[in-house]
Structures are given as structure tokens and as C-alpha cells.
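Peer 1: My structure file target29.txt, compact mmCIF, C-alpha atoms, is below:
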```
# COMPACT_ATOMS: atom_id res chain seq x y z
CA ALA A 197 -4.20 45.52 7.80
CA GLN A 198 -5.54 48.78 6.49
CA SER A 199 -3.60 52.02 6.85
CA VAL A 200 -3.88 55.66 5.84
CA THR A 201 -1.16 58.22 5.16
CA GLN A 202 -1.64 61.95 4.97
CA PRO A 203 1.73 63.23 3.75
CA ASP A 204 1.16 66.89 4.64
CA ILE A 205 1.07 67.76 8.34
CA HIS A 206 0.42 71.46 7.76
CA ILE A 207 -0.82 73.43 4.77
CA THR A 208 -1.15 77.20 4.54
CA VAL A 209 -3.42 78.62 1.86
CA SER A 210 -4.66 82.11 1.06
CA GLU A 211 -8.36 82.83 1.31
CA GLY A 212 -9.94 82.36 -2.10
CA ALA A 213 -7.22 80.02 -3.32
CA SER A 214 -7.78 76.37 -4.09
CA LEU A 215 -6.97 73.61 -1.62
CA GLU A 216 -5.96 69.99 -2.12
CA LEU A 217 -5.25 67.59 0.73
CA ARG A 218 -3.59 64.29 -0.03
CA CYS A 219 -4.59 60.90 1.29
CA ASN A 220 -3.08 57.53 0.43
CA TYR A 221 -4.45 54.27 1.76
CA SER A 222 -3.31 50.70 1.92
CA TYR A 223 -5.87 47.94 1.66
CA GLY A 224 -6.20 44.82 -0.47
CA ALA A 225 -9.68 45.43 -1.82
CA THR A 226 -11.74 48.54 -2.44
CA PRO A 227 -12.23 50.14 0.95
CA TYR A 228 -14.74 52.60 2.29
CA LEU A 229 -13.10 56.05 2.33
CA PHE A 230 -13.99 59.10 4.37
CA TRP A 231 -12.89 62.66 5.02
CA TYR A 232 -13.62 64.27 8.38
CA VAL A 233 -13.03 67.83 9.57
CA GLN A 234 -12.24 68.91 13.11
CA SER A 235 -12.62 72.53 14.11
CA PRO A 236 -10.63 73.68 17.17
CA GLY A 237 -11.98 72.20 20.38
CA GLN A 238 -14.64 70.20 18.58
CA GLY A 239 -15.31 66.65 17.61
CA LEU A 240 -15.05 65.35 14.07
CA GLN A 241 -17.66 66.00 11.40
CA LEU A 242 -18.10 63.94 8.25
CA LEU A 243 -17.34 65.88 5.04
CA LEU A 244 -17.87 63.13 2.49
CA LYS A 245 -17.54 59.41 1.86
CA TYR A 246 -16.90 56.94 -0.94
CA PHE A 247 -18.19 53.39 -1.03
CA SER A 248 -18.59 52.57 -4.72
CA GLY A 249 -19.72 54.01 -8.04
CA ASP A 250 -18.76 57.47 -9.27
CA THR A 251 -15.18 58.12 -8.21
CA LEU A 252 -15.76 61.86 -7.75
CA VAL A 253 -17.82 62.48 -4.64
CA GLN A 254 -19.31 65.71 -3.43
CA GLY A 255 -19.52 66.63 0.21
CA ILE A 256 -20.63 69.40 2.48
CA LYS A 257 -19.14 72.90 2.64
CA GLY A 258 -18.15 72.80 -1.06
CA PHE A 259 -15.62 69.98 -0.71
CA GLU A 260 -15.13 67.13 -3.16
CA ALA A 261 -12.82 64.13 -3.31
CA GLU A 262 -11.68 61.79 -6.03
CA PHE A 263 -10.98 58.10 -5.59
CA LYS A 264 -8.12 56.85 -7.76
CA ARG A 265 -7.70 53.12 -7.45
CA SER A 266 -4.48 53.02 -9.48
CA GLN A 267 -2.83 55.47 -7.08
CA SER A 268 -4.53 54.24 -3.88
CA SER A 269 -5.50 57.84 -3.25
CA PHE A 270 -8.53 59.77 -2.10
CA ASN A 271 -7.55 63.45 -2.27
CA LEU A 272 -9.79 66.19 -0.96
CA ARG A 273 -10.27 69.44 -2.87
CA LYS A 274 -12.00 72.76 -2.57
CA PRO A 275 -11.89 75.34 -5.39
CA SER A 276 -11.98 78.45 -3.20
CA VAL A 277 -11.11 78.38 0.47
CA HIS A 278 -12.90 80.47 3.10
CA TRP A 279 -11.39 81.55 6.42
CA SER A 280 -13.84 79.21 8.16
CA ASP A 281 -12.14 76.23 6.48
CA ALA A 282 -9.19 76.56 8.85
CA ALA A 283 -9.29 73.25 10.71
CA GLU A 284 -7.71 69.83 10.87
CA TYR A 285 -8.72 67.31 8.25
CA PHE A 286 -8.61 63.55 8.62
CA CYS A 287 -8.80 60.87 5.98
CA ALA A 288 -10.10 57.48 7.13
CA VAL A 289 -10.46 54.01 5.66
CA GLY A 290 -12.68 51.13 6.63
CA ALA A 291 -14.02 47.91 5.22
CA ALA A 292 -16.63 45.34 6.06
CA ALA A 293 -13.96 42.65 5.85
CA ALA A 294 -11.98 44.52 8.51
CA GLY A 295 -14.83 44.46 10.98
CA ASN A 296 -16.19 47.81 9.87
CA LYS A 297 -13.57 49.60 11.94
CA LEU A 298 -12.30 53.00 10.84
CA THR A 299 -8.57 53.68 10.61
CA PHE A 300 -7.58 57.35 10.55
CA GLY A 301 -4.64 59.14 9.03
CA GLY A 302 -2.48 61.48 11.08
CA GLY A 303 -4.36 64.57 9.93
CA THR A 304 -3.53 67.73 7.98
CA ARG A 305 -3.87 71.10 9.68
CA VAL A 306 -5.01 73.85 7.32
CA LEU A 307 -4.24 77.50 8.04
CA VAL A 308 -6.02 80.13 5.94
CA LYS A 309 -4.28 83.47 5.37
CA PRO A 310 -6.42 86.56 4.82
CA ASN B 5 -30.93 66.91 19.92
CA ALA B 6 -27.95 66.08 22.19
CA GLY B 7 -26.21 63.49 19.96
CA VAL B 8 -23.08 62.09 21.64
CA THR B 9 -22.32 63.56 25.06
CA GLN B 10 -19.00 63.10 26.83
CA THR B 11 -18.11 64.00 30.40
CA PRO B 12 -15.92 65.39 31.78
CA LYS B 13 -14.47 67.72 29.16
CA PHE B 14 -11.25 68.18 31.10
CA GLN B 15 -9.57 66.07 33.78
CA VAL B 16 -6.20 66.03 35.50
CA LEU B 17 -5.07 62.84 37.22
CA LYS B 18 -2.04 61.70 39.10
CA THR B 19 -0.20 58.57 38.03
CA GLY B 20 -1.93 55.50 39.44
CA GLN B 21 -5.34 57.08 39.92
CA SER B 22 -8.40 55.61 38.28
CA MET B 23 -11.25 57.34 36.56
CA THR B 24 -14.15 56.82 34.16
CA LEU B 25 -14.91 58.83 31.06
CA GLN B 26 -18.62 58.85 30.41
CA CYS B 27 -20.25 58.64 26.98
CA ALA B 28 -23.95 58.71 26.24
CA GLN B 29 -25.85 58.89 22.96
CA ASP B 30 -29.55 59.48 22.40
CA MET B 31 -29.77 58.29 18.79
CA ASN B 32 -30.40 54.59 19.55
CA HIS B 33 -27.14 53.66 17.81
CA GLU B 34 -25.99 50.07 18.07
CA TYR B 35 -22.31 50.83 17.48
CA MET B 36 -20.24 52.87 19.92
CA SER B 37 -16.50 53.37 20.11
CA TRP B 38 -13.70 55.17 21.92
CA TYR B 39 -10.74 56.80 20.18
CA ARG B 40 -7.73 58.62 21.50
CA GLN B 41 -6.21 61.50 19.56
CA ASP B 42 -2.51 62.29 19.81
CA PRO B 43 -0.59 64.85 17.73
CA GLY B 44 0.51 63.46 14.37
CA MET B 45 -1.09 60.08 15.00
CA GLY B 46 -4.67 60.82 14.10
CA LEU B 47 -7.31 58.91 16.00
CA ARG B 48 -6.65 55.41 17.24
CA LEU B 49 -9.40 53.01 18.20
CA ILE B 50 -9.31 51.87 21.84
CA HIS B 51 -12.47 49.76 22.26
CA TYR B 52 -15.76 49.40 20.50
CA SER B 53 -19.16 47.82 20.95
CA VAL B 54 -21.68 46.61 18.38
CA GLY B 55 -24.53 46.39 20.87
CA ALA B 56 -25.47 46.12 24.53
CA GLY B 57 -23.46 43.40 26.25
CA ILE B 58 -20.89 43.16 23.43
CA THR B 59 -17.48 44.83 23.50
CA ASP B 60 -14.23 44.27 21.64
CA GLN B 61 -10.70 45.61 21.55
CA GLY B 62 -9.43 48.09 19.04
CA GLU B 63 -5.90 49.10 18.12
CA VAL B 64 -4.70 50.38 21.52
CA PRO B 65 -6.76 48.70 24.29
CA ASN B 66 -4.10 48.26 27.00
CA GLY B 67 -4.82 50.17 30.20
CA TYR B 68 -8.49 50.72 29.38
CA ASN B 69 -11.69 48.84 30.16
CA VAL B 70 -15.19 49.29 28.77
CA SER B 71 -18.65 47.91 29.36
CA ARG B 72 -21.97 48.27 27.53
CA SER B 73 -24.88 47.56 29.83
CA THR B 74 -27.30 49.75 27.90
CA THR B 75 -27.62 50.92 24.31
CA GLU B 76 -27.14 54.53 25.37
CA ASP B 77 -24.01 54.39 27.54
CA PHE B 78 -20.44 53.31 26.86
CA PRO B 79 -18.06 54.34 29.68
CA LEU B 80 -14.29 54.11 29.35
CA ARG B 81 -12.36 53.21 32.50
CA LEU B 82 -8.71 53.91 33.22
CA LEU B 83 -7.73 51.51 35.98
CA SER B 84 -4.32 52.96 36.86
CA ALA B 85 -3.54 56.12 34.92
CA ALA B 86 -0.12 56.55 33.33
CA PRO B 87 1.43 59.66 31.71
CA SER B 88 1.26 57.85 28.35
CA GLN B 89 -2.52 58.07 28.62
CA THR B 90 -2.42 61.85 28.42
CA SER B 91 -4.54 62.47 25.35
CA VAL B 92 -7.83 63.71 23.99
CA TYR B 93 -10.49 61.01 24.02
CA PHE B 94 -13.43 60.86 21.64
CA CYS B 95 -16.53 58.75 21.83
CA ALA B 96 -18.34 58.04 18.57
CA SER B 97 -21.48 56.17 17.60
CA ARG B 98 -23.34 55.11 14.49
CA THR B 99 -26.24 52.96 13.42
CA GLY B 100 -25.77 49.97 11.15
CA GLN B 101 -22.66 49.13 9.23
CA LEU B 102 -19.86 51.40 8.11
CA ASN B 103 -21.36 51.91 4.66
CA THR B 104 -24.85 52.68 5.89
CA GLY B 105 -24.37 54.79 9.01
CA GLU B 106 -22.45 57.98 9.66
CA LEU B 107 -20.12 58.04 12.66
CA PHE B 108 -21.10 60.82 15.06
CA PHE B 109 -18.46 62.15 17.47
CA GLY B 110 -18.67 63.74 20.88
CA GLU B 111 -16.74 66.93 21.61
CA GLY B 112 -13.90 65.15 23.33
CA SER B 113 -12.45 64.76 26.82
CA ARG B 114 -8.96 66.13 27.44
CA LEU B 115 -7.09 64.06 30.00
CA THR B 116 -3.75 64.96 31.56
CA VAL B 117 -1.89 62.44 33.71
CA LEU B 118 0.88 63.88 35.86
```
Using the file provided, produce a representation of the structure as C-alpha cells.
Peer 2:
Amino acid sequence: AQSVTQPDIHITVSEGASLELRCNYSYGATPYLFWYVQSPGQGLQLLLKYFSGDTLVQGIKGFEAEFKRSQSSFNLRKPSVHWSDAAEYFCAVGAAAAGNKLTFGGGTRVLVKP
Amino acid sequence: NAGVTQTPKFQVLKTGQSMTLQCAQDMNHEYMSWYRQDPGMGLRLIHYSVGAGITDQGEVPNGYNVSRSTTEDFPLRLLSAAPSQTSVYFCASRTGQLNTGELFFGEGSRLTVL
């Protein structure tokens, strides 16, 4: 069965500083990997996704993520954080062999200090 | 463009009561799903449907029923509410397979069972 771990429950970062959110997955083959963002009181919005090819993927709002097969990781990064990036971030894994169902991590809540 | 619409946004129930959470999408998506979101546990899949007349269980289906009589609607029924079902519920839909279609989320329905 596939699983996702986000080791950091909360992260506080100063506005303008860089941000990295960790995601580790467990799956036998190469999975489909996603990052979603949830603003307070809202549903989830897709930031970026990885299926195959270039292991560094670009997403919306200036985010990028890197797939590292050897570390089973898909960490999310942003070079300079804006106050509007305060939200909860979810990593998710899926695979065609697993019925195309998405499994989510527990989430990381990001607080941005002025 | 409405996207995925969930009603109600908030609901308080007493233990043993029944209710239906409504979900409708206007994007002609074949795939629809229900998740529940609990602190620290991310989103967990309750039930999903790959098309009208077809439903299947997800990770946490007990206590919930679904049906899919039309492409647009995917209601979630709680037959006898329990305090453990206090949660935020999200409906999501997409077209095609996981690697070809983005999952779109509704804004959520917050349910409290007393």
C-alpha cells in the first residue's frame, strides 16, 4: 500500500526567507506525486505534480519540487516566501496500479512572520 | 464557473441522526470522491465513483453510503451519526485518470456530531 509522510507539522518562516517542506512516500514503483495547498476555510488547490521525466517540476505561485527516487522524497520549495503563502500544504501520492486513488500526507501548516 | 459545490457548509447533528452531504460538479467529470479531513491525518478517502452507477469504497467507508445516479451528483449519506464522524468533508472530482486530470475540490462541509 502507498503511504505519505510529512515530518513537519508546523513551520514558521519569515517573509522573504526560503521555504522547504518535506515529503517522503512509500510505494514499490514510481508513483504520481502531488503537492496541494489549502488556505484557511478553503478546499485544496493543486500546486504541482510529477509523473515522469524531469525530476524538478515547477508549479504555480513560484513553487517547485524535486523528485528524488533514491530518497523516496518529493520536497517542496519556494525561494522567497510571501505572507499570502501562509496555509496548509499537503503532499499526495497515487498510482495507476493502486486504482488511481490519491493518498495524502498529514499536512504541514506554514506560518509566515512579517 | 461553479466547479465543485458542496452543501451544507456547516451542520450540527445529534448522535444517531442521519443526514446527506450534497456534492455537485458542472465540469462533466467522470471521477468523483469524498474525503474527510482530521487534524494531523491529512485527507482520507471515504468513497469514490468512476462514473454514473459505479461506486467503490475508499480507506474509511464505514458509517457512510454513497450513490451516483447522475454524472453531476455524488451525495454522501451518514446513516446514524457518531461523534467519531465529526470532521470536515471534501468532495473532489476530476476527468480521466490520475495522470491526465487534475482533482478539483469543493470548499468543504464542517460536520459536528454531539
Peer 1: Give me the chain B side of the contact with range 215-229 of chain A, cut-off 12 Å, one line per residue showing its nearest atom pair and distance in Å at one decimal, counting all atoms listed in the file, sorted by chain and residue number, as JSON lines.
Peer 2:
```
{"residue": "B:Gln101", "atom": "CA", "partner": "A:Tyr228", "partner_atom": "CA", "distance": 11.1}
{"residue": "B:Leu102", "atom": "CA", "partner": "A:Tyr228", "partner_atom": "CA", "distance": 7.8}
{"residue": "B:Asn103", "atom": "CA", "partner": "A:Tyr228", "partner_atom": "CA", "distance": 7.1}
{"residue": "B:Thr104", "atom": "CA", "partner": "A:Tyr228", "partner_atom": "CA", "distance": 10.7}
{"residue": "B:Gly105", "atom": "CA", "partner": "A:Tyr228", "partner_atom": "CA", "distance": 11.9}
{"residue": "B:Glu106", "atom": "CA", "partner": "A:Tyr228", "partner_atom": "CA", "distance": 11.9}
```
Peer 1: Excluding same-chain residues fewer than 5 positions from Val64 in chain B, what lies within 7 Å of it counting all atoms listed in the file, as a list of chain:residue names?
Peer 2: B:Arg48, B:Leu49, B:Ile50
Peer 1: Give me the residues near range 294-304 of chain A as a list in words, where near means some atom within 8 Å (using all atoms listed in the file) and where sequence neighbours in that chain fewer than 3 positions away do not count.
Peer 2: Ala197, Gln198, Ser199, Val200, Thr201, Gln202, Asp204, Ile205, His206, Ile207, Leu217, Cys219, Glu284, Tyr285, Phe286, Cys287, Ala288, Val289, Gly290 and Ala291 of chain A; Pro43, Gly44, Met45, Gly46, Leu47, Arg48, Leu49, Gln101 and Leu102 of chain B
Peer 1: Would you output that residue set with C-alpha atoms, as an mmCIF file, keeping the file's coordinate frame?
Peer 2:
```
data_model
loop_
_atom_site.group_PDB
_atom_site.id
_atom_site.type_symbol
_atom_site.label_atom_id
_atom_site.label_comp_id
_atom_site.auth_asym_id
_atom_site.auth_seq_id
_atom_site.Cartn_x
_atom_site.Cartn_y
_atom_site.Cartn_z
ATOM 1 C CA ALA A 197 -4.200 45.520 7.800
ATOM 2 C CA GLN A 198 -5.540 48.780 6.490
ATOM 3 C CA SER A 199 -3.600 52.020 6.850
ATOM 4 C CA VAL A 200 -3.880 55.660 5.840
ATOM 5 C CA THR A 201 -1.160 58.220 5.160
ATOM 6 C CA GLN A 202 -1.640 61.950 4.970
ATOM 7 C CA ASP A 204 1.160 66.890 4.640
ATOM 8 C CA ILE A 205 1.070 67.760 8.340
ATOM 9 C CA HIS A 206 0.420 71.460 7.760
ATOM 10 C CA ILE A 207 -0.820 73.430 4.770
ATOM 11 C CA LEU A 217 -5.250 67.590 0.730
ATOM 12 C CA CYS A 219 -4.590 60.900 1.290
ATOM 13 C CA GLU A 284 -7.710 69.830 10.870
ATOM 14 C CA TYR A 285 -8.720 67.310 8.250
ATOM 15 C CA PHE A 286 -8.610 63.550 8.620
ATOM 16 C CA CYS A 287 -8.800 60.870 5.980
ATOM 17 C CA ALA A 288 -10.100 57.480 7.130
ATOM 18 C CA VAL A 289 -10.460 54.010 5.660
ATOM 19 C CA GLY A 290 -12.680 51.130 6.630
ATOM 20 C CA ALA A 291 -14.020 47.910 5.220
ATOM 21 C CA PRO B 43 -0.590 64.850 17.730
ATOM 22 C CA GLY B 44 0.510 63.460 14.370
ATOM 23 C CA MET B 45 -1.090 60.080 15.000
ATOM 24 C CA GLY B 46 -4.670 60.820 14.100
ATOM 25 C CA LEU B 47 -7.310 58.910 16.000
ATOM 26 C CA ARG B 48 -6.650 55.410 17.240
ATOM 27 C CA LEU B 49 -9.400 53.010 18.200
ATOM 28 C CA GLN B 101 -22.660 49.130 9.230
ATOM 29 C CA LEU B 102 -19.860 51.400 8.110
#
```
Peer 1: Check the smallest atom-to-atom distance from each of B:Gly55, B:Gly7, B:Pro87, B:Pro65 to Gly110 in chain B using all atoms listed in the file, then report the winner.
Peer 2: B:Gly7
Peer 1: Looking at B:Met36, B:Gly62, B:Ala96, B:Asp30, which one is nearest to Glu111 in chain B, with distances taken over only C-alpha atoms?
Peer 2: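 The shortest atom-to-atom distance to Glu111 in chain B comes from B:Ala96.
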Peer 1: Find the residues around Val253 in chain A up to 9 Å (all atoms listed in the file counted), leave out those fewer than 3 positions away in its own chain, and share them as a list in words.
Peer 2: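 Returned residues: Leu244, Lys245, Tyr246, Asp250, Phe259, Glu260, Ala261, Glu262 and Phe263 of chain A.
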Peer 1: Output C-alpha atoms of each residue in that selection to a file, as a PDB file, keeping the file's coordinate frame.
Peer 2:
```
ATOM      1  CA  LEU A 244     -17.870  63.130   2.490  1.00  0.00           C
ATOM      2  CA  LYS A 245     -17.540  59.410   1.860  1.00  0.00           C
ATOM      3  CA  TYR A 246     -16.900  56.940  -0.940  1.00  0.00           C
ATOM      4  CA  ASP A 250     -18.760  57.470  -9.270  1.00  0.00           C
ATOM      5  CA  PHE A 259     -15.620  69.980  -0.710  1.00  0.00           C
ATOM      6  CA  GLU A 260     -15.130  67.130  -3.160  1.00  0.00           C
ATOM      7  CA  ALA A 261     -12.820  64.130  -3.310  1.00  0.00           C
ATOM      8  CA  GLU A 262     -11.680  61.790  -6.030  1.00  0.00           C
ATOM      9  CA  PHE A 263     -10.980  58.100  -5.590  1.00  0.00           C
TER      10      PHE A 263
END
```
Peer 1: May I ask which of the residues A:Ser248, A:Ser276, A:Ser269, A:Gln238 is the closest one to chain B, counting only C-alpha atoms?
Peer 2: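 Among A:Ser248, A:Ser276, A:Ser269, A:Gln238, it is A:Gln238 that comes nearest to chain B.
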Peer 1: Hey, which of A:Val306, A:Ala283, A:Ala293, A:Leu240 ends up closest to chain B? Count only C-alpha atoms.
Peer 2: A:Leu240
Peer 1: Under the rule that all atoms listed in the file are counted, which of B:Ser71, B:Gln15, B:Ser22, B:Asn32 is the nearest residue to Gly100 in chain B?
Peer 2: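 Of B:Ser71, B:Gln15, B:Ser22, B:Asn32, the one nearest Gly100 in chain B, counting all atoms listed in the file, is B:Asn32.
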Peer 1: Name the closest residue to chain B among the candidates A:Ser280, A:Arg305, A:Gly255, A:Pro275; distances are taken between atoms, counting all atoms listed in the file.
Peer 2: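 Ranking A:Ser280, A:Arg305, A:Gly255, A:Pro275 by distance to chain B, first place goes to A:Arg305.
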Peer 1: Which neighbours of Phe78 in chain B fall inside 10 Å, counting all atoms listed in the file, when residues of the same chain fewer than 2 positions from it are skipped, and could you give them as a ChimeraX atom specification?
Peer 2: /B:10,25-29,35-38,51-53,56,59,70-76,80-81,95-97
Peer 1: Residues near Ile256 in chain A, anyone? I mean within 12 Å using only C-alpha atoms, not counting same-chain ones fewer than 4 positions away, as a list in words.
Peer 2: Trp231, Tyr232, Val233, Gln241, Leu242, Leu243, Leu244, Lys245, Glu260, Ala261, Leu272, Arg273, Lys274 and Asp281 of chain A
Peer 1: Suppose you want the space between CA of Gly212 in chain A and CA of Pro236 in chain A; what is it in Å?
Peer 2: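 CA of Pro236 in chain A lies at a distance of 21.1 Å from CA of Gly212 in chain A.
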Peer 1: Step by step, gather every atom of range 276-291 of chain A that the file lists, find the box along x, y and z that holds them, add 3 Å on each side, and finally give centre and edge lengths in Å to one decimal, as JSON.
Peer 2:
```
{"center_x": -10.9, "center_y": 64.7, "center_z": 3.8, "size_x": 12.3, "size_y": 39.6, "size_z": 20.1}
```
